[in-house]
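Raw contents of structure.pdb, PDB, C-alpha atoms and all ligand atoms:
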```pdb
ATOM      1  CA  MET N 134    -109.438 -77.854 113.602
ATOM      2  CA  GLY N 135    -110.679 -81.339 114.357
ATOM      3  CA  LYS N 136    -114.100 -79.784 114.973
ATOM      4  CA  THR N 137    -114.594 -78.906 111.287
ATOM      5  CA  PRO N 138    -114.653 -82.132 109.240
ATOM      6  CA  ARG N 139    -115.107 -81.936 105.469
ATOM      7  CA  ILE N 140    -115.134 -78.146 105.370
ATOM      8  CA  THR N 141    -113.167 -76.411 102.617
ATOM      9  CA  PHE N 142    -112.597 -72.703 102.042
ATOM     10  CA  ARG N 143    -112.307 -70.683  98.838
ATOM     11  CA  LYS N 144    -112.830 -67.189  97.458
ATOM     12  CA  LEU N 145    -116.354 -65.926  96.800
ATOM     13  CA  MET N 146    -117.305 -66.239  93.119
ATOM     14  CA  PRO N 147    -120.019 -64.223  91.295
ATOM     15  CA  ASP N 148    -122.174 -67.368  91.002
ATOM     16  CA  ASP N 149    -122.255 -67.628  94.818
ATOM     17  CA  ALA N 150    -124.063 -64.295  95.207
ATOM     18  CA  ALA N 151    -127.607 -65.670  95.548
ATOM     19  CA  THR N 152    -126.595 -68.396  98.012
ATOM     20  CA  CYS N 153    -124.640 -65.979 100.203
ATOM     21  CA  ALA N 154    -127.452 -63.423 100.100
ATOM     22  CA  ALA N 155    -129.893 -66.106 101.295
ATOM     23  CA  LEU N 156    -127.520 -67.085 104.099
ATOM     24  CA  ASP N 157    -127.085 -63.426 105.068
ATOM     25  CA  PHE N 158    -130.854 -62.873 105.062
ATOM     26  CA  ARG N 159    -131.368 -65.846 107.390
ATOM     27  CA  SER N 160    -128.649 -64.507 109.681
ATOM     28  CA  PHE N 161    -129.372 -60.776 109.707
ATOM     29  CA  GLY N 162    -132.918 -60.203 108.421
ATOM     30  CA  GLU N 163    -134.200 -57.633 105.975
ATOM     31  CA  HIS N 164    -132.602 -54.551 107.541
ATOM     32  CA  ASP N 165    -129.011 -55.696 107.919
ATOM     33  CA  ALA N 166    -128.474 -58.402 105.299
ATOM     34  CA  TRP N 167    -126.495 -57.898 102.112
ATOM     35  CA  ASP N 168    -128.467 -58.698  98.978
ATOM     36  CA  ARG N 169    -127.492 -60.629  95.871
ATOM     37  CA  GLN N 170    -126.154 -57.528  94.107
ATOM     38  CA  ASP N 171    -123.971 -56.664  97.117
ATOM     39  CA  PHE N 172    -122.369 -60.117  97.067
ATOM     40  CA  PHE N 173    -121.987 -60.006  93.287
ATOM     41  CA  GLU N 174    -120.141 -56.668  93.582
ATOM     42  CA  ALA N 175    -117.990 -58.056  96.397
ATOM     43  CA  ALA N 176    -117.002 -60.993  94.203
ATOM     44  CA  ILE N 177    -115.916 -58.864  91.233
ATOM     45  CA  ASN N 178    -114.512 -55.776  92.984
ATOM     46  CA  ALA N 179    -110.864 -56.111  94.011
ATOM     47  CA  ASP N 180    -111.417 -53.832  97.017
ATOM     48  CA  PHE N 181    -113.282 -56.694  98.668
ATOM     49  CA  GLU N 182    -111.955 -59.927 100.101
ATOM     50  CA  PHE N 183    -114.651 -62.553 100.596
ATOM     51  CA  ILE N 184    -114.301 -66.204 101.529
ATOM     52  CA  VAL N 185    -116.873 -68.995 101.591
ATOM     53  CA  ALA N 186    -116.871 -72.222 103.586
ATOM     54  CA  GLU N 187    -118.207 -75.286 101.800
ATOM     55  CA  ARG N 188    -119.304 -78.714 102.882
ATOM     56  CA  TYR N 189    -119.627 -81.122  99.970
ATOM     57  CA  ARG N 190    -119.793 -78.084  97.625
ATOM     58  CA  GLN N 191    -122.665 -76.552  99.568
ATOM     59  CA  ILE N 192    -121.921 -73.108 101.001
ATOM     60  CA  VAL N 193    -122.297 -73.197 104.788
ATOM     61  CA  GLY N 194    -120.545 -69.935 105.653
ATOM     62  CA  CYS N 195    -119.396 -66.665 104.207
ATOM     63  CA  ALA N 196    -117.199 -63.836 105.491
ATOM     64  CA  GLY N 197    -115.764 -60.751 103.898
ATOM     65  CA  ALA N 198    -114.173 -57.363 104.264
ATOM     66  CA  GLU N 199    -113.516 -54.199 102.313
ATOM     67  CA  ILE N 200    -109.914 -53.060 102.109
ATOM     68  CA  PHE N 201    -109.159 -49.352 102.011
ATOM     69  CA  ILE N 202    -105.958 -47.754 100.728
ATOM     70  CA  ASP N 203    -104.855 -46.467 104.126
ATOM     71  CA  GLY N 204    -104.316 -49.929 105.603
ATOM     72  CA  VAL N 205    -107.808 -50.155 107.058
ATOM     73  CA  ALA N 206    -109.989 -53.203 106.489
ATOM     74  CA  GLU N 207    -113.637 -53.232 107.536
ATOM     75  CA  ILE N 208    -115.326 -56.553 108.145
ATOM     76  CA  ASP N 209    -118.593 -56.438 106.184
ATOM     77  CA  SER N 210    -120.149 -59.757 107.003
ATOM     78  CA  ILE N 211    -119.601 -63.112 108.639
ATOM     79  CA  ALA N 212    -122.287 -65.751 108.828
ATOM     80  CA  VAL N 213    -122.434 -69.506 109.270
ATOM     81  CA  ASP N 214    -125.497 -71.595 108.403
ATOM     82  CA  PRO N 215    -127.349 -72.213 111.706
ATOM     83  CA  ASN N 216    -127.156 -75.987 111.056
ATOM     84  CA  TYR N 217    -123.360 -75.775 111.134
ATOM     85  CA  GLN N 218    -122.736 -73.191 113.855
ATOM     86  CA  GLY N 219    -120.668 -74.103 116.884
ATOM     87  CA  GLN N 220    -118.333 -76.353 114.901
ATOM     88  CA  GLY N 221    -115.426 -73.963 114.469
ATOM     89  CA  ILE N 222    -116.364 -72.807 110.968
ATOM     90  CA  GLY N 223    -116.871 -69.144 111.914
ATOM     91  CA  LYS N 224    -113.497 -69.055 113.635
ATOM     92  CA  GLN N 225    -111.774 -70.606 110.623
ATOM     93  CA  LEU N 226    -113.514 -68.175 108.265
ATOM     94  CA  PHE N 227    -112.476 -65.223 110.416
ATOM     95  CA  ILE N 228    -108.859 -66.386 110.700
ATOM     96  CA  ARG N 229    -108.627 -66.901 106.941
ATOM     97  CA  LEU N 230    -110.191 -63.517 106.287
ATOM     98  CA  LEU N 231    -107.773 -61.763 108.658
ATOM     99  CA  LYS N 232    -104.871 -63.581 107.041
ATOM    100  CA  ALA N 233    -106.014 -62.442 103.593
ATOM    101  CA  VAL N 234    -106.540 -58.773 104.456
ATOM    102  CA  ILE N 235    -103.249 -58.538 106.374
ATOM    103  CA  LYS N 236    -101.472 -60.094 103.403
ATOM    104  CA  ARG N 237    -102.997 -57.318 101.295
ATOM    105  CA  GLY N 238    -101.645 -54.598 103.575
ATOM    106  CA  ALA N 239    -104.273 -54.068 106.242
ATOM    107  CA  THR N 240    -102.862 -52.992 109.602
ATOM    108  CA  PHE N 241    -106.120 -51.928 111.270
ATOM    109  CA  VAL N 242    -109.169 -54.162 111.113
ATOM    110  CA  VAL N 243    -112.486 -52.761 112.299
ATOM    111  CA  LEU N 244    -116.021 -54.153 112.581
ATOM    112  CA  GLU N 245    -119.435 -53.476 114.068
ATOM    113  CA  VAL N 246    -121.293 -55.889 116.311
ATOM    114  CA  ARG N 247    -124.567 -55.856 118.196
ATOM    115  CA  PRO N 248    -123.939 -55.818 121.959
ATOM    116  CA  SER N 249    -126.557 -58.599 122.198
ATOM    117  CA  ASN N 250    -124.643 -60.843 119.779
ATOM    118  CA  THR N 251    -122.689 -62.855 122.313
ATOM    119  CA  ALA N 252    -121.434 -65.460 119.859
ATOM    120  CA  ALA N 253    -119.950 -62.896 117.468
ATOM    121  CA  PHE N 254    -118.593 -60.718 120.274
ATOM    122  CA  ASN N 255    -116.863 -63.716 121.877
ATOM    123  CA  LEU N 256    -115.400 -64.720 118.528
ATOM    124  CA  TYR N 257    -113.943 -61.261 117.928
ATOM    125  CA  GLU N 258    -112.728 -60.844 121.497
ATOM    126  CA  SER N 259    -111.027 -64.239 121.344
ATOM    127  CA  MET N 260    -109.095 -62.906 118.341
ATOM    128  CA  GLY N 261    -107.803 -59.893 120.279
ATOM    129  CA  PHE N 262    -110.378 -57.344 119.089
ATOM    130  CA  GLU N 263    -111.379 -54.641 121.575
ATOM    131  CA  ILE N 264    -114.329 -52.257 121.811
ATOM    132  CA  ILE N 265    -113.211 -48.793 120.674
ATOM    133  CA  ASP N 266    -116.571 -47.037 120.375
ATOM    134  CA  ARG N 267    -120.330 -47.389 120.689
ATOM    135  CA  VAL N 268    -122.581 -45.971 117.952
ATOM    136  CA  LYS N 269    -126.100 -45.060 119.038
ATOM    137  CA  ASN N 270    -128.932 -46.529 116.924
ATOM    138  CA  PHE N 271    -126.540 -48.043 114.410
ATOM    139  CA  TYR N 272    -129.006 -50.846 113.825
ATOM    140  CA  VAL N 273    -132.761 -50.353 113.506
ATOM    141  CA  ASP N 274    -133.301 -51.713 117.006
ATOM    142  CA  GLU N 275    -129.927 -51.545 118.746
ATOM    143  CA  ASP N 276    -126.664 -49.634 119.184
ATOM    144  CA  ALA N 277    -123.423 -51.052 117.793
ATOM    145  CA  TRP N 278    -120.093 -51.682 119.394
ATOM    146  CA  ILE N 279    -117.187 -50.836 117.157
ATOM    147  CA  MET N 280    -114.395 -53.339 117.688
ATOM    148  CA  ALA N 281    -110.934 -53.115 116.211
ATOM    149  CA  ARG N 282    -107.465 -54.535 116.302
ATOM    150  CA  GLU N 283    -104.109 -53.412 114.953
ATOM    151  CA  PHE N 284    -101.717 -55.757 113.178
ATOM    152  CA  LYS N 285     -98.104 -55.339 112.192
ATOM    153  CA  ARG N 286     -97.778 -54.720 108.459
ATOM    154  CA  GLY N 287     -97.716 -57.957 106.483
ATOM    155  CA  THR N 288     -97.383 -60.056 109.613
ATOM    156  CA  PHE N 289     -99.795 -62.828 110.352
ATOM    157  CA  ASN N 290     -99.123 -65.366 113.010
ATOM    158  CA  GLU N 291    -102.117 -67.497 113.934
ATOM    159  CA  ARG N 292    -100.625 -68.212 117.357
ATOM    160  CA  ASP N 293    -100.689 -64.476 118.187
ATOM    161  CA  LEU N 294    -104.357 -64.017 117.310
ATOM    162  CA  SER N 295    -105.726 -64.504 120.800
ATOM    163  CA  SER N 296    -103.508 -61.734 122.164
ATOM    164  CA  ASN N 297    -103.481 -58.089 121.187
ATOM    165  CA  ASP N 298     -99.824 -57.594 120.503
ATOM    166  CA  GLY N 299    -100.212 -57.964 116.736
TER     167      GLY N 299
HETATM  168  C1  LIG N 301    -120.970 -65.463 114.859
HETATM  169  C2  LIG N 301    -120.890 -66.738 114.011
HETATM  170  C3  LIG N 301    -120.358 -66.407 112.628
HETATM  171  C4  LIG N 301    -119.923 -67.732 114.708
HETATM  172  O1  LIG N 301    -119.765 -68.845 113.849
HETATM  173  P1  LIG N 301    -119.637 -70.331 114.443
HETATM  174  O2  LIG N 301    -119.170 -71.208 113.358
HETATM  175  O3  LIG N 301    -120.896 -70.712 115.122
HETATM  176  O4  LIG N 301    -118.506 -70.115 115.555
HETATM  177  P2  LIG N 301    -117.364 -71.134 115.994
HETATM  178  O5  LIG N 301    -117.949 -72.480 116.238
HETATM  179  O6  LIG N 301    -116.236 -71.047 115.047
HETATM  180  O7  LIG N 301    -116.925 -70.508 117.391
HETATM  181  C5  LIG N 301    -115.901 -69.531 117.448
HETATM  182  C6  LIG N 301    -116.010 -68.759 118.744
HETATM  183  O8  LIG N 301    -117.185 -67.933 118.713
HETATM  184  C7  LIG N 301    -117.746 -67.876 120.034
HETATM  185  N1  LIG N 301    -119.057 -68.509 120.006
HETATM  186  C8  LIG N 301    -119.598 -69.222 118.988
HETATM  187  N2  LIG N 301    -120.866 -69.601 119.307
HETATM  188  C9  LIG N 301    -121.107 -69.128 120.537
HETATM  189  C10 LIG N 301    -122.251 -69.175 121.397
HETATM  190  N3  LIG N 301    -123.380 -69.811 121.061
HETATM  191  N4  LIG N 301    -122.175 -68.553 122.593
HETATM  192  C11 LIG N 301    -121.064 -67.895 122.972
HETATM  193  N5  LIG N 301    -119.936 -67.814 122.190
HETATM  194  C12 LIG N 301    -119.965 -68.431 120.996
HETATM  195  C13 LIG N 301    -116.791 -68.606 120.940
HETATM  196  O9  LIG N 301    -115.814 -67.688 121.382
HETATM  197  C14 LIG N 301    -116.155 -69.601 119.986
HETATM  198  O10 LIG N 301    -114.901 -70.045 120.389
HETATM  199  P3  LIG N 301    -114.776 -71.391 121.309
HETATM  200  O11 LIG N 301    -115.479 -72.477 120.557
HETATM  201  O12 LIG N 301    -113.306 -71.589 121.399
HETATM  202  O13 LIG N 301    -115.455 -71.061 122.588
HETATM  203  C15 LIG N 301    -122.280 -67.460 113.937
HETATM  204  O14 LIG N 301    -122.813 -67.548 115.232
HETATM  205  C16 LIG N 301    -123.287 -66.741 113.032
HETATM  206  O15 LIG N 301    -123.296 -66.944 111.816
HETATM  207  N6  LIG N 301    -124.167 -65.924 113.634
HETATM  208  C17 LIG N 301    -125.200 -65.212 112.855
HETATM  209  C18 LIG N 301    -124.586 -64.108 112.006
HETATM  210  C19 LIG N 301    -123.850 -63.116 112.880
HETATM  211  O16 LIG N 301    -124.316 -62.701 113.934
HETATM  212  N7  LIG N 301    -122.657 -62.680 112.398
HETATM  213  C20 LIG N 301    -121.824 -61.700 113.093
HETATM  214  C21 LIG N 301    -122.284 -60.305 112.801
HETATM  215  S1  LIG N 301    -121.314 -59.079 113.678
END
```
Would it be possible to restate this file's structure as structure tokens?
Amino acid sequence: MGKTPRITFRKLMPDDAATCAALDFRSFGEHDAWDRQDFFEAAINADFEFIVAERYRQIVGCAGAEIFIDGVAEIDSIAVDPNYQGQGIGKQLFIRLLKAVIKRGATFVVLEVRPSNTAAFNLYESMGFEIIDRVKNFYVDEDAWIMAREFKRGTFNERDLSSNDG
């Protein structure tokens, strides 16, 4: 945690939609990024859980998931401003997001990642996520790995995150 000075975390608000959409566009490009309306919907729709990371009230990261009624949560997006990557912010965002969705009843968390995205893959793997499937041509230019991890209902222990025993 000492790697992330002056970073605070809070829920996504409707007014953050444009900033998060711009961050997403820089991170994922025109084909994969969420737009302003997507983030606005995520902020007002209770099925979504989105968190932003701020440095001096400037958003430097955003992560979120959709929660389904059957205990499944799907990670929709995680992105950290390139100027602030490698400082532990993505890991903190992901831990806080997992904590939030588990608190809301998720027991199975699933996500898609590009096989070429080493940073994201390492982050997820370090949190105990495993590849469960590969989807051909999921992205315009690449397949996707589907990664997932089970959690015990309502249980979140940060110390257990690096293992896969929930
Ligand atoms: C993936 C992303 C969110 C990680 O955020 P970050 O703040 O840079 O990551 P952190 O500094 O918290 O690092 C967390 C872990 O991620 C992995 N990681 C981060 N950067 C990495 C890199 N350049 N190379 C390899 N692994 C890396 C490591 O496992 C790291 O843990 P460690 O520091 O203990 O080794 C960030 O790289 C990003 O925004 N990328 C563009 C958007 C994106 O690809 N999102 C994921 C879509 S599936």
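You can rank N:Arg247, N:Lys144, N:Arg190, N:Arg292 by their closest distance to ligand LIG 301 (chain N) using all atoms listed in the file, and at the top of that list sits N:Arg247.
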Q.
the PyMOL selection byres (((chain N and resi 281) around 6) and not hetatm) - which residues does that actually catch in the file I just gave you? List them as a list in words.
A. Val242, Val243, Phe262, Glu263, Met280 and Arg282 of chain N
Q: Can you give me, as a list of chain:residue names, the residues this file yields under the PyMOL selection byres (((chain N and resi 182) around 9) and not hetatm)?
A: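 For this structure, the PyMOL selection byres (((chain N and resi 182) around 9) and not hetatm) resolves to N:Lys144, N:Leu145, N:Ala175, N:Ala176, N:Asn178, N:Ala179, N:Asp180, N:Phe181, N:Phe183, N:Ile184, N:Ala196, N:Gly197, N:Ala198, N:Glu199, N:Ile200, N:Leu230, N:Ala233, N:Val234.
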Listing only residues of chain N within 6 Å of ligand LIG 301 (chain N), what is the closest atom pair and its distance in Å (to one decimal) for each, using all atoms listed in the file, sorted by chain and residue number ascending, as JSON lines?
```
{"residue": "N:Ser160", "atom": "CA", "partner": "N:LIG301", "partner_atom": "C18", "distance": 4.7}
{"residue": "N:Ile211", "atom": "CA", "partner": "N:LIG301", "partner_atom": "N7", "distance": 4.9}
{"residue": "N:Ala212", "atom": "CA", "partner": "N:LIG301", "partner_atom": "O15", "distance": 3.4}
{"residue": "N:Val213", "atom": "CA", "partner": "N:LIG301", "partner_atom": "O15", "distance": 3.7}
{"residue": "N:Gln218", "atom": "CA", "partner": "N:LIG301", "partner_atom": "O3", "distance": 3.3}
{"residue": "N:Gly219", "atom": "CA", "partner": "N:LIG301", "partner_atom": "O5", "distance": 3.2}
{"residue": "N:Gln220", "atom": "CA", "partner": "N:LIG301", "partner_atom": "O5", "distance": 4.1}
{"residue": "N:Gly221", "atom": "CA", "partner": "N:LIG301", "partner_atom": "O6", "distance": 3.1}
{"residue": "N:Ile222", "atom": "CA", "partner": "N:LIG301", "partner_atom": "O2", "distance": 4.0}
{"residue": "N:Gly223", "atom": "CA", "partner": "N:LIG301", "partner_atom": "O2", "distance": 3.4}
{"residue": "N:Lys224", "atom": "CA", "partner": "N:LIG301", "partner_atom": "O6", "distance": 3.7}
{"residue": "N:Glu245", "atom": "CA", "partner": "N:LIG301", "partner_atom": "S1", "distance": 5.9}
{"residue": "N:Val246", "atom": "CA", "partner": "N:LIG301", "partner_atom": "S1", "distance": 4.1}
{"residue": "N:Thr251", "atom": "CA", "partner": "N:LIG301", "partner_atom": "C11", "distance": 5.3}
{"residue": "N:Ala252", "atom": "CA", "partner": "N:LIG301", "partner_atom": "C12", "distance": 3.5}
{"residue": "N:Ala253", "atom": "CA", "partner": "N:LIG301", "partner_atom": "C1", "distance": 3.8}
{"residue": "N:Asn255", "atom": "CA", "partner": "N:LIG301", "partner_atom": "O9", "distance": 4.1}
{"residue": "N:Leu256", "atom": "CA", "partner": "N:LIG301", "partner_atom": "O8", "distance": 3.7}
{"residue": "N:Ser259", "atom": "CA", "partner": "N:LIG301", "partner_atom": "O9", "distance": 5.9}
```
Any chance you can output those residues with C-alpha atoms as a JSON list (two decimals), keeping the file's coordinate frame?
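See result05.json below for the written result:
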```json
[["chain", "number", "residue", "atom", "x", "y", "z"],
["N", 160, "SER", "CA", -128.65, -64.51, 109.68],
["N", 211, "ILE", "CA", -119.60, -63.11, 108.64],
["N", 212, "ALA", "CA", -122.29, -65.75, 108.83],
["N", 213, "VAL", "CA", -122.43, -69.51, 109.27],
["N", 218, "GLN", "CA", -122.74, -73.19, 113.86],
["N", 219, "GLY", "CA", -120.67, -74.10, 116.88],
["N", 220, "GLN", "CA", -118.33, -76.35, 114.90],
["N", 221, "GLY", "CA", -115.43, -73.96, 114.47],
["N", 222, "ILE", "CA", -116.36, -72.81, 110.97],
["N", 223, "GLY", "CA", -116.87, -69.14, 111.91],
["N", 224, "LYS", "CA", -113.50, -69.06, 113.64],
["N", 245, "GLU", "CA", -119.44, -53.48, 114.07],
["N", 246, "VAL", "CA", -121.29, -55.89, 116.31],
["N", 251, "THR", "CA", -122.69, -62.86, 122.31],
["N", 252, "ALA", "CA", -121.43, -65.46, 119.86],
["N", 253, "ALA", "CA", -119.95, -62.90, 117.47],
["N", 255, "ASN", "CA", -116.86, -63.72, 121.88],
["N", 256, "LEU", "CA", -115.40, -64.72, 118.53],
["N", 259, "SER", "CA", -111.03, -64.24, 121.34]]
```
Can you tell me, as lines of an AutoDock Vina configuration file, the centre and edge lengths (Å, one decimal) of the axis-aligned box enclosing all of segment 160-176 of chain N's listed atoms after padding each side by 8 Å?
```
center_x = -125.6
center_y = -59.5
center_z = 101.5
size_x = 33.2
size_y = 26.0
size_z = 32.4
```
Q: Report as a PyMOL selection string the full result of the PyMOL selection byres (((chain N and resi 214) around 6) and not hetatm) when it is applied to this structure.
A: chain N and resi 193-194+213+215-217
Q) Hey, which of N:Cys153, N:Ala186, N:Ile264, N:Phe158 ends up closest to Phe172 of chain N? Count all atoms listed in the file. A)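 Using all atoms listed in the file, Phe172 of chain N sits closest to N:Cys153.
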Q | atom CA of Gly162 of chain N to atom CA of Gln225 of chain N, distance in Å rounded to a single decimal | A |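 Those two atoms sit 23.7 Å apart.
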Give me the residues of segment 160-221 of chain N that have any atom at most 8 Å from an atom of segment 147-151 of chain N; for each, the nearest atom pair and the distance in Å, rounded to one decimal. Use only C-alpha atoms, sort by chain and number, and format it as a Markdown table.
```
| residue | atom | partner | partner_atom | distance |
| --- | --- | --- | --- | --- |
| N:Asp168 | CA | N:Ala151 | CA | 7.8 |
| N:Arg169 | CA | N:Ala151 | CA | 5.1 |
| N:Gln170 | CA | N:Ala150 | CA | 7.2 |
| N:Asp171 | CA | N:Ala150 | CA | 7.9 |
| N:Phe172 | CA | N:Ala150 | CA | 4.9 |
| N:Phe173 | CA | N:Pro147 | CA | 5.1 |
| N:Glu174 | CA | N:Pro147 | CA | 7.9 |
| N:Ala176 | CA | N:Pro147 | CA | 5.3 |
| N:Ile177 | CA | N:Pro147 | CA | 6.7 |
```
Q) Which is closer to Asp203 of chain N than all the others in N:Val268, N:Met260, N:Ala239, N:Val273, using all atoms listed in the file? A)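 Comparing N:Val268, N:Met260, N:Ala239, N:Val273 against Asp203 of chain N, the winner is N:Ala239.
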Q) What does the distance from atom CA of Thr141 of chain N to atom CA of Arg188 of chain N come to in Å, to one decimal? A)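 Interatomic distance here is 6.6 Å.
One distance worth recording is that between atom CA of Ile202 of chain N and atom CA of Arg237 of chain N, which is 10.0 Å.
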**Q.** N:Arg159, N:Arg143, N:Arg229, N:His164 ranked by distance to Ile192 of chain N, top pick (using all atoms listed in the file)
**A.** N:Arg143
Q.
Between N:Lys232, N:Asp209, N:Gln191, N:Phe142, which residue has the minimum interatomic distance to Phe289 of chain N, considering all atoms listed in the file?
A. N:Lys232
Q. Between N:Ile265, N:Asn270, N:Gly204, N:Ser210, which is the closest to Lys285 of chain N once you count all atoms listed in the file?
A.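 Closest to Lys285 of chain N of all the choices is N:Gly204.
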